[in-house]
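S.K.: Sharing protein19.pdb, PDB, C-alpha atoms, pLDDT in the B column:
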ATOM      1  CA  MET A 120       0.000   0.000   0.000  1.00 68.00           C
ATOM      2  CA  THR A 121       1.654   3.188  -1.136  1.00 70.00           C
ATOM      3  CA  GLY A 122       1.721   6.262   1.057  1.00 76.00           C
ATOM      4  CA  LEU A 123       1.250   4.402   4.313  1.00 84.00           C
ATOM      5  CA  GLY A 124       4.447   3.858   6.268  1.00 83.00           C
ATOM      6  CA  ASP A 125       7.579   2.101   5.054  1.00 88.00           C
ATOM      7  CA  LYS A 126       5.703  -1.143   4.514  1.00 91.00           C
ATOM      8  CA  ALA A 127       2.004  -1.859   4.798  1.00 90.00           C
ATOM      9  CA  MET A 128      -0.302  -4.707   3.985  1.00 90.00           C
ATOM     10  CA  LYS A 129      -3.942  -5.455   4.424  1.00 88.00           C
ATOM     11  CA  TYR A 130      -5.639  -8.797   4.382  1.00 87.00           C
ATOM     12  CA  LYS A 131      -8.773 -10.611   5.410  1.00 84.00           C
ATOM     13  CA  THR A 132      -8.571 -13.565   7.796  1.00 84.00           C
ATOM     14  CA  SER A 133     -10.513 -16.782   7.351  1.00 83.00           C
ATOM     15  CA  SER A 134     -12.786 -15.681  10.219  1.00 80.00           C
ATOM     16  CA  GLY A 135     -13.668 -12.467   8.354  1.00 80.00           C
ATOM     17  CA  ARG A 136     -11.526  -9.921  10.209  1.00 84.00           C
ATOM     18  CA  LEU A 137     -10.021  -7.117   8.144  1.00 87.00           C
ATOM     19  CA  VAL A 138      -6.401  -6.522   9.207  1.00 89.00           C
ATOM     20  CA  LEU A 139      -4.083  -3.623   8.410  1.00 90.00           C
ATOM     21  CA  TYR A 140      -0.425  -4.028   9.376  1.00 91.00           C
ATOM     22  CA  VAL A 141       1.908  -1.041   8.972  1.00 91.00           C
ATOM     23  CA  LEU A 142       5.636  -0.700   9.609  1.00 90.00           C
ATOM     24  CA  ASP A 143       6.940   2.869   9.744  1.00 86.00           C
ATOM     25  CA  GLY A 144      10.504   3.255  10.996  1.00 85.00           C
ATOM     26  CA  ASN A 145      10.515   1.714  14.451  1.00 85.00           C
ATOM     27  CA  ALA A 146       6.749   1.894  14.840  1.00 85.00           C
ATOM     28  CA  VAL A 147       4.355  -0.957  14.101  1.00 88.00           C
ATOM     29  CA  PHE A 148       0.616  -0.449  13.771  1.00 87.00           C
ATOM     30  CA  ASP A 149      -1.705  -3.448  13.739  1.00 89.00           C
ATOM     31  CA  ALA A 150      -5.380  -2.597  13.347  1.00 87.00           C
ATOM     32  CA  GLU A 151      -8.171  -5.140  12.992  1.00 87.00           C
ATOM     33  CA  TYR A 152     -11.879  -4.821  12.325  1.00 85.00           C
ATOM     34  CA  PHE A 153     -14.570  -7.412  12.694  1.00 81.00           C
ATOM     35  CA  GLY A 154     -18.153  -6.329  12.325  1.00 71.00           C
ATOM     36  CA  VAL A 155     -21.107  -5.911  10.029  1.00 57.00           C
ATOM     37  CA  GLY A 156     -19.903  -6.046   6.445  1.00 54.00           C
ATOM     38  CA  ALA A 157     -16.355  -7.094   7.296  1.00 53.00           C
ATOM     39  CA  ASP A 158     -17.104 -10.761   6.769  1.00 56.00           C
ATOM     40  CA  SER A 159     -18.700 -10.122   3.385  1.00 61.00           C
ATOM     41  CA  ASP A 160     -16.898 -10.899   0.151  1.00 67.00           C
ATOM     42  CA  ASP A 161     -18.554  -7.848  -1.422  1.00 70.00           C
ATOM     43  CA  ALA A 162     -15.814  -5.265  -2.033  1.00 69.00           C
ATOM     44  CA  ALA A 163     -18.320  -2.400  -1.800  1.00 75.00           C
ATOM     45  CA  GLN A 164     -19.142  -3.388   1.790  1.00 74.00           C
ATOM     46  CA  GLN A 165     -15.497  -3.897   2.771  1.00 76.00           C
ATOM     47  CA  THR A 166     -14.117  -0.657   1.310  1.00 81.00           C
ATOM     48  CA  PRO A 167     -15.476   1.716   4.002  1.00 83.00           C
ATOM     49  CA  HIS A 168     -14.016  -0.499   6.743  1.00 81.00           C
ATOM     50  CA  GLU A 169     -10.642  -0.721   4.990  1.00 84.00           C
ATOM     51  CA  ASN A 170     -10.613   3.057   4.532  1.00 85.00           C
ATOM     52  CA  ALA A 171     -11.349   3.513   8.241  1.00 86.00           C
ATOM     53  CA  LEU A 172      -8.396   1.271   9.157  1.00 87.00           C
ATOM     54  CA  VAL A 173      -6.091   3.261   6.863  1.00 87.00           C
ATOM     55  CA  THR A 174      -7.288   6.541   8.403  1.00 88.00           C
ATOM     56  CA  LEU A 175      -6.743   5.129  11.889  1.00 88.00           C
ATOM     57  CA  ALA A 176      -3.183   4.049  11.043  1.00 87.00           C
ATOM     58  CA  ARG A 177      -2.338   7.406   9.417  1.00 87.00           C
ATOM     59  CA  THR A 178      -3.678   9.299  12.428  1.00 88.00           C
ATOM     60  CA  ALA A 179      -1.697   7.114  14.821  1.00 85.00           C
ATOM     61  CA  MET A 180       1.482   7.635  12.792  1.00 82.00           C
ATOM     62  CA  THR A 181       1.142  11.428  12.764  1.00 83.00           C
ATOM     63  CA  ARG A 182       0.513  11.494  16.525  1.00 80.00           C
ATOM     64  CA  THR A 183       3.520   9.316  17.331  1.00 76.00           C
ATOM     65  CA  ALA A 184       5.959  10.966  14.859  1.00 65.00           C
ATOM     66  CA  LYS A 185       7.224  13.655  17.220  1.00 57.00           C
TER      67      LYS A 185
END
Here is a file; write its structure as structure tokens.
M.R.:
Amino acid sequence: MTGLGDKAMKYKTSSGRLVLYVLDGNAVFDAEYFGVGADSDDAAQQTPHENALVTLARTAMTRTAK
């Protein structure tokens, strides 16, 4: 995923959790979401949840980069 830390990946677990894992310098951010729509295979339902995880990671990175 470009523009999010040094390395970032997102994936969906077999139980339906959406996971975002970001490495940025010495910081590691691991955010997971499991809820309505997350366990769907419909990309339109997953996109808002993935976007929320990316926003959460970006916010955390800006607050810890001092």
S.K.: Tell me, in Å to one decimal, how far CA of Asp161 (chain A) is from CA of Asp149 (chain A).
M.R.: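 Those two atoms sit 23.1 Å apart.
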S.K.: What residues come out when you apply the PyMOL selection byres ((chain A and resi 126-132) around 10) to this file, written as JSON, numbers by chain?
M.R.: {"A": [120, 121, 122, 123, 124, 125, 133, 134, 135, 136, 137, 138, 139, 140, 141, 142, 143, 144, 147, 148, 149, 150, 151, 152, 153, 157, 158, 160, 165, 169, 172, 173]}
S.K.: Output the selection as a PDB file, in the frame of the given file - C-alpha atoms for each residue.
M.R.:
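again-v7.pdb, written as the output of this step:
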ATOM      1  CA  MET A 120       0.000   0.000   0.000  1.00 68.00           C
ATOM      2  CA  THR A 121       1.654   3.188  -1.136  1.00 70.00           C
ATOM      3  CA  GLY A 122       1.721   6.262   1.057  1.00 76.00           C
ATOM      4  CA  LEU A 123       1.250   4.402   4.313  1.00 84.00           C
ATOM      5  CA  GLY A 124       4.447   3.858   6.268  1.00 83.00           C
ATOM      6  CA  ASP A 125       7.579   2.101   5.054  1.00 88.00           C
ATOM      7  CA  SER A 133     -10.513 -16.782   7.351  1.00 83.00           C
ATOM      8  CA  SER A 134     -12.786 -15.681  10.219  1.00 80.00           C
ATOM      9  CA  GLY A 135     -13.668 -12.467   8.354  1.00 80.00           C
ATOM     10  CA  ARG A 136     -11.526  -9.921  10.209  1.00 84.00           C
ATOM     11  CA  LEU A 137     -10.021  -7.117   8.144  1.00 87.00           C
ATOM     12  CA  VAL A 138      -6.401  -6.522   9.207  1.00 89.00           C
ATOM     13  CA  LEU A 139      -4.083  -3.623   8.410  1.00 90.00           C
ATOM     14  CA  TYR A 140      -0.425  -4.028   9.376  1.00 91.00           C
ATOM     15  CA  VAL A 141       1.908  -1.041   8.972  1.00 91.00           C
ATOM     16  CA  LEU A 142       5.636  -0.700   9.609  1.00 90.00           C
ATOM     17  CA  ASP A 143       6.940   2.869   9.744  1.00 86.00           C
ATOM     18  CA  GLY A 144      10.504   3.255  10.996  1.00 85.00           C
ATOM     19  CA  VAL A 147       4.355  -0.957  14.101  1.00 88.00           C
ATOM     20  CA  PHE A 148       0.616  -0.449  13.771  1.00 87.00           C
ATOM     21  CA  ASP A 149      -1.705  -3.448  13.739  1.00 89.00           C
ATOM     22  CA  ALA A 150      -5.380  -2.597  13.347  1.00 87.00           C
ATOM     23  CA  GLU A 151      -8.171  -5.140  12.992  1.00 87.00           C
ATOM     24  CA  TYR A 152     -11.879  -4.821  12.325  1.00 85.00           C
ATOM     25  CA  PHE A 153     -14.570  -7.412  12.694  1.00 81.00           C
ATOM     26  CA  ALA A 157     -16.355  -7.094   7.296  1.00 53.00           C
ATOM     27  CA  ASP A 158     -17.104 -10.761   6.769  1.00 56.00           C
ATOM     28  CA  ASP A 160     -16.898 -10.899   0.151  1.00 67.00           C
ATOM     29  CA  GLN A 165     -15.497  -3.897   2.771  1.00 76.00           C
ATOM     30  CA  GLU A 169     -10.642  -0.721   4.990  1.00 84.00           C
ATOM     31  CA  LEU A 172      -8.396   1.271   9.157  1.00 87.00           C
ATOM     32  CA  VAL A 173      -6.091   3.261   6.863  1.00 87.00           C
TER      33      VAL A 173
END
S.K.: Please compute the CA of Thr178 (chain A)-CA of Asn145 (chain A) distance, one decimal, in Å.
M.R.: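 If I compute the distance from CA of Thr178 (chain A) to CA of Asn145 (chain A), I get 16.2 Å.
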S.K.: Around all of region 132-141 of chain A's listed atoms, make the axis-aligned box with 6 Å on each side and tell me centre and edge lengths in Å to one decimal, as AutoDock Vina command-line options.
M.R.:
--center_x -5.9 --center_y -8.9 --center_z 8.8 --size_x 27.6 --size_y 27.7 --size_z 14.9
S.K.: Save region 125-136 of chain A of the structure in the block above to a file, with all heavy atoms included, as an mmCIF file, in the first residue's frame.
M.R.:
data_model
loop_
_atom_site.group_PDB
_atom_site.id
_atom_site.type_symbol
_atom_site.label_atom_id
_atom_site.label_comp_id
_atom_site.auth_asym_id
_atom_site.auth_seq_id
_atom_site.Cartn_x
_atom_site.Cartn_y
_atom_site.Cartn_z
ATOM 1 N N ASP A 125 6.529 2.695 5.871
ATOM 2 C CA ASP A 125 7.579 2.101 5.054
ATOM 3 C C ASP A 125 7.076 0.851 4.346
ATOM 4 O O ASP A 125 7.395 0.607 3.189
ATOM 5 C CB ASP A 125 8.792 1.739 5.924
ATOM 6 C CG ASP A 125 9.405 2.966 6.584
ATOM 7 O OD1 ASP A 125 9.332 4.052 5.989
ATOM 8 O OD2 ASP A 125 9.945 2.830 7.691
ATOM 9 N N LYS A 126 6.305 0.066 5.073
ATOM 10 C CA LYS A 126 5.703 -1.143 4.514
ATOM 11 C C LYS A 126 4.313 -1.279 5.114
ATOM 12 O O LYS A 126 4.119 -1.028 6.301
ATOM 13 C CB LYS A 126 6.515 -2.390 4.875
ATOM 14 C CG LYS A 126 7.884 -2.437 4.266
ATOM 15 C CD LYS A 126 8.600 -3.711 4.658
ATOM 16 C CE LYS A 126 10.007 -3.710 4.078
ATOM 17 N NZ LYS A 126 10.759 -4.901 4.487
ATOM 18 N N ALA A 127 3.365 -1.665 4.304
ATOM 19 C CA ALA A 127 2.004 -1.859 4.798
ATOM 20 C C ALA A 127 1.326 -2.952 3.993
ATOM 21 O O ALA A 127 1.587 -3.114 2.806
ATOM 22 C CB ALA A 127 1.199 -0.563 4.686
ATOM 23 N N MET A 128 0.486 -3.700 4.685
ATOM 24 C CA MET A 128 -0.302 -4.707 3.985
ATOM 25 C C MET A 128 -1.646 -4.829 4.667
ATOM 26 O O MET A 128 -1.791 -4.553 5.847
ATOM 27 C CB MET A 128 0.405 -6.047 3.950
ATOM 28 C CG MET A 128 0.586 -6.717 5.275
ATOM 29 S SD MET A 128 1.403 -8.300 5.004
ATOM 30 C CE MET A 128 0.770 -9.208 6.377
ATOM 31 N N LYS A 129 -2.615 -5.190 3.877
ATOM 32 C CA LYS A 129 -3.942 -5.455 4.424
ATOM 33 C C LYS A 129 -4.373 -6.826 3.936
ATOM 34 O O LYS A 129 -3.984 -7.281 2.862
ATOM 35 C CB LYS A 129 -4.931 -4.375 4.010
ATOM 36 C CG LYS A 129 -5.189 -4.299 2.526
ATOM 37 C CD LYS A 129 -6.167 -3.202 2.200
ATOM 38 C CE LYS A 129 -6.369 -3.155 0.689
ATOM 39 N NZ LYS A 129 -7.301 -2.145 0.277
ATOM 40 N N TYR A 130 -5.145 -7.490 4.769
ATOM 41 C CA TYR A 130 -5.639 -8.797 4.382
ATOM 42 C C TYR A 130 -6.895 -9.125 5.170
ATOM 43 O O TYR A 130 -7.234 -8.427 6.124
ATOM 44 C CB TYR A 130 -4.573 -9.878 4.584
ATOM 45 C CG TYR A 130 -4.081 -10.040 6.004
ATOM 46 C CD1 TYR A 130 -4.654 -10.959 6.867
ATOM 47 C CD2 TYR A 130 -3.028 -9.269 6.478
ATOM 48 C CE1 TYR A 130 -4.206 -11.103 8.171
ATOM 49 C CE2 TYR A 130 -2.559 -9.414 7.765
ATOM 50 C CZ TYR A 130 -3.150 -10.325 8.611
ATOM 51 O OH TYR A 130 -2.698 -10.479 9.894
ATOM 52 N N LYS A 131 -7.561 -10.145 4.754
ATOM 53 C CA LYS A 131 -8.773 -10.611 5.410
ATOM 54 C C LYS A 131 -8.509 -12.016 5.926
ATOM 55 O O LYS A 131 -8.018 -12.876 5.195
ATOM 56 C CB LYS A 131 -9.928 -10.614 4.415
ATOM 57 C CG LYS A 131 -11.248 -11.031 5.014
ATOM 58 C CD LYS A 131 -12.333 -10.929 3.965
ATOM 59 C CE LYS A 131 -13.595 -11.553 4.468
ATOM 60 N NZ LYS A 131 -14.638 -11.563 3.452
ATOM 61 N N THR A 132 -8.798 -12.249 7.207
ATOM 62 C CA THR A 132 -8.571 -13.565 7.796
ATOM 63 C C THR A 132 -9.700 -14.511 7.410
ATOM 64 O O THR A 132 -10.751 -14.087 6.925
ATOM 65 C CB THR A 132 -8.491 -13.483 9.327
ATOM 66 O OG1 THR A 132 -9.772 -13.119 9.838
ATOM 67 C CG2 THR A 132 -7.430 -12.490 9.772
ATOM 68 N N SER A 133 -9.482 -15.794 7.667
ATOM 69 C CA SER A 133 -10.513 -16.782 7.351
ATOM 70 C C SER A 133 -11.766 -16.592 8.207
ATOM 71 O O SER A 133 -12.850 -17.009 7.825
ATOM 72 C CB SER A 133 -9.969 -18.197 7.532
ATOM 73 O OG SER A 133 -9.538 -18.385 8.863
ATOM 74 N N SER A 134 -11.620 -15.935 9.365
ATOM 75 C CA SER A 134 -12.786 -15.681 10.219
ATOM 76 C C SER A 134 -13.506 -14.385 9.846
ATOM 77 O O SER A 134 -14.508 -14.043 10.453
ATOM 78 C CB SER A 134 -12.359 -15.621 11.693
ATOM 79 O OG SER A 134 -11.476 -14.545 11.909
ATOM 80 N N GLY A 135 -12.991 -13.657 8.845
ATOM 81 C CA GLY A 135 -13.668 -12.467 8.354
ATOM 82 C C GLY A 135 -13.141 -11.155 8.888
ATOM 83 O O GLY A 135 -13.676 -10.106 8.559
ATOM 84 N N ARG A 136 -12.089 -11.173 9.713
ATOM 85 C CA ARG A 136 -11.526 -9.921 10.209
ATOM 86 C C ARG A 136 -10.744 -9.238 9.106
ATOM 87 O O ARG A 136 -10.030 -9.880 8.350
ATOM 88 C CB ARG A 136 -10.573 -10.174 11.382
ATOM 89 C CG ARG A 136 -11.258 -10.549 12.645
ATOM 90 C CD ARG A 136 -10.251 -10.797 13.728
ATOM 91 N NE ARG A 136 -9.293 -11.791 13.229
ATOM 92 C CZ ARG A 136 -8.137 -12.069 13.781
ATOM 93 N NH1 ARG A 136 -7.755 -11.439 14.857
ATOM 94 N NH2 ARG A 136 -7.339 -12.975 13.277
#
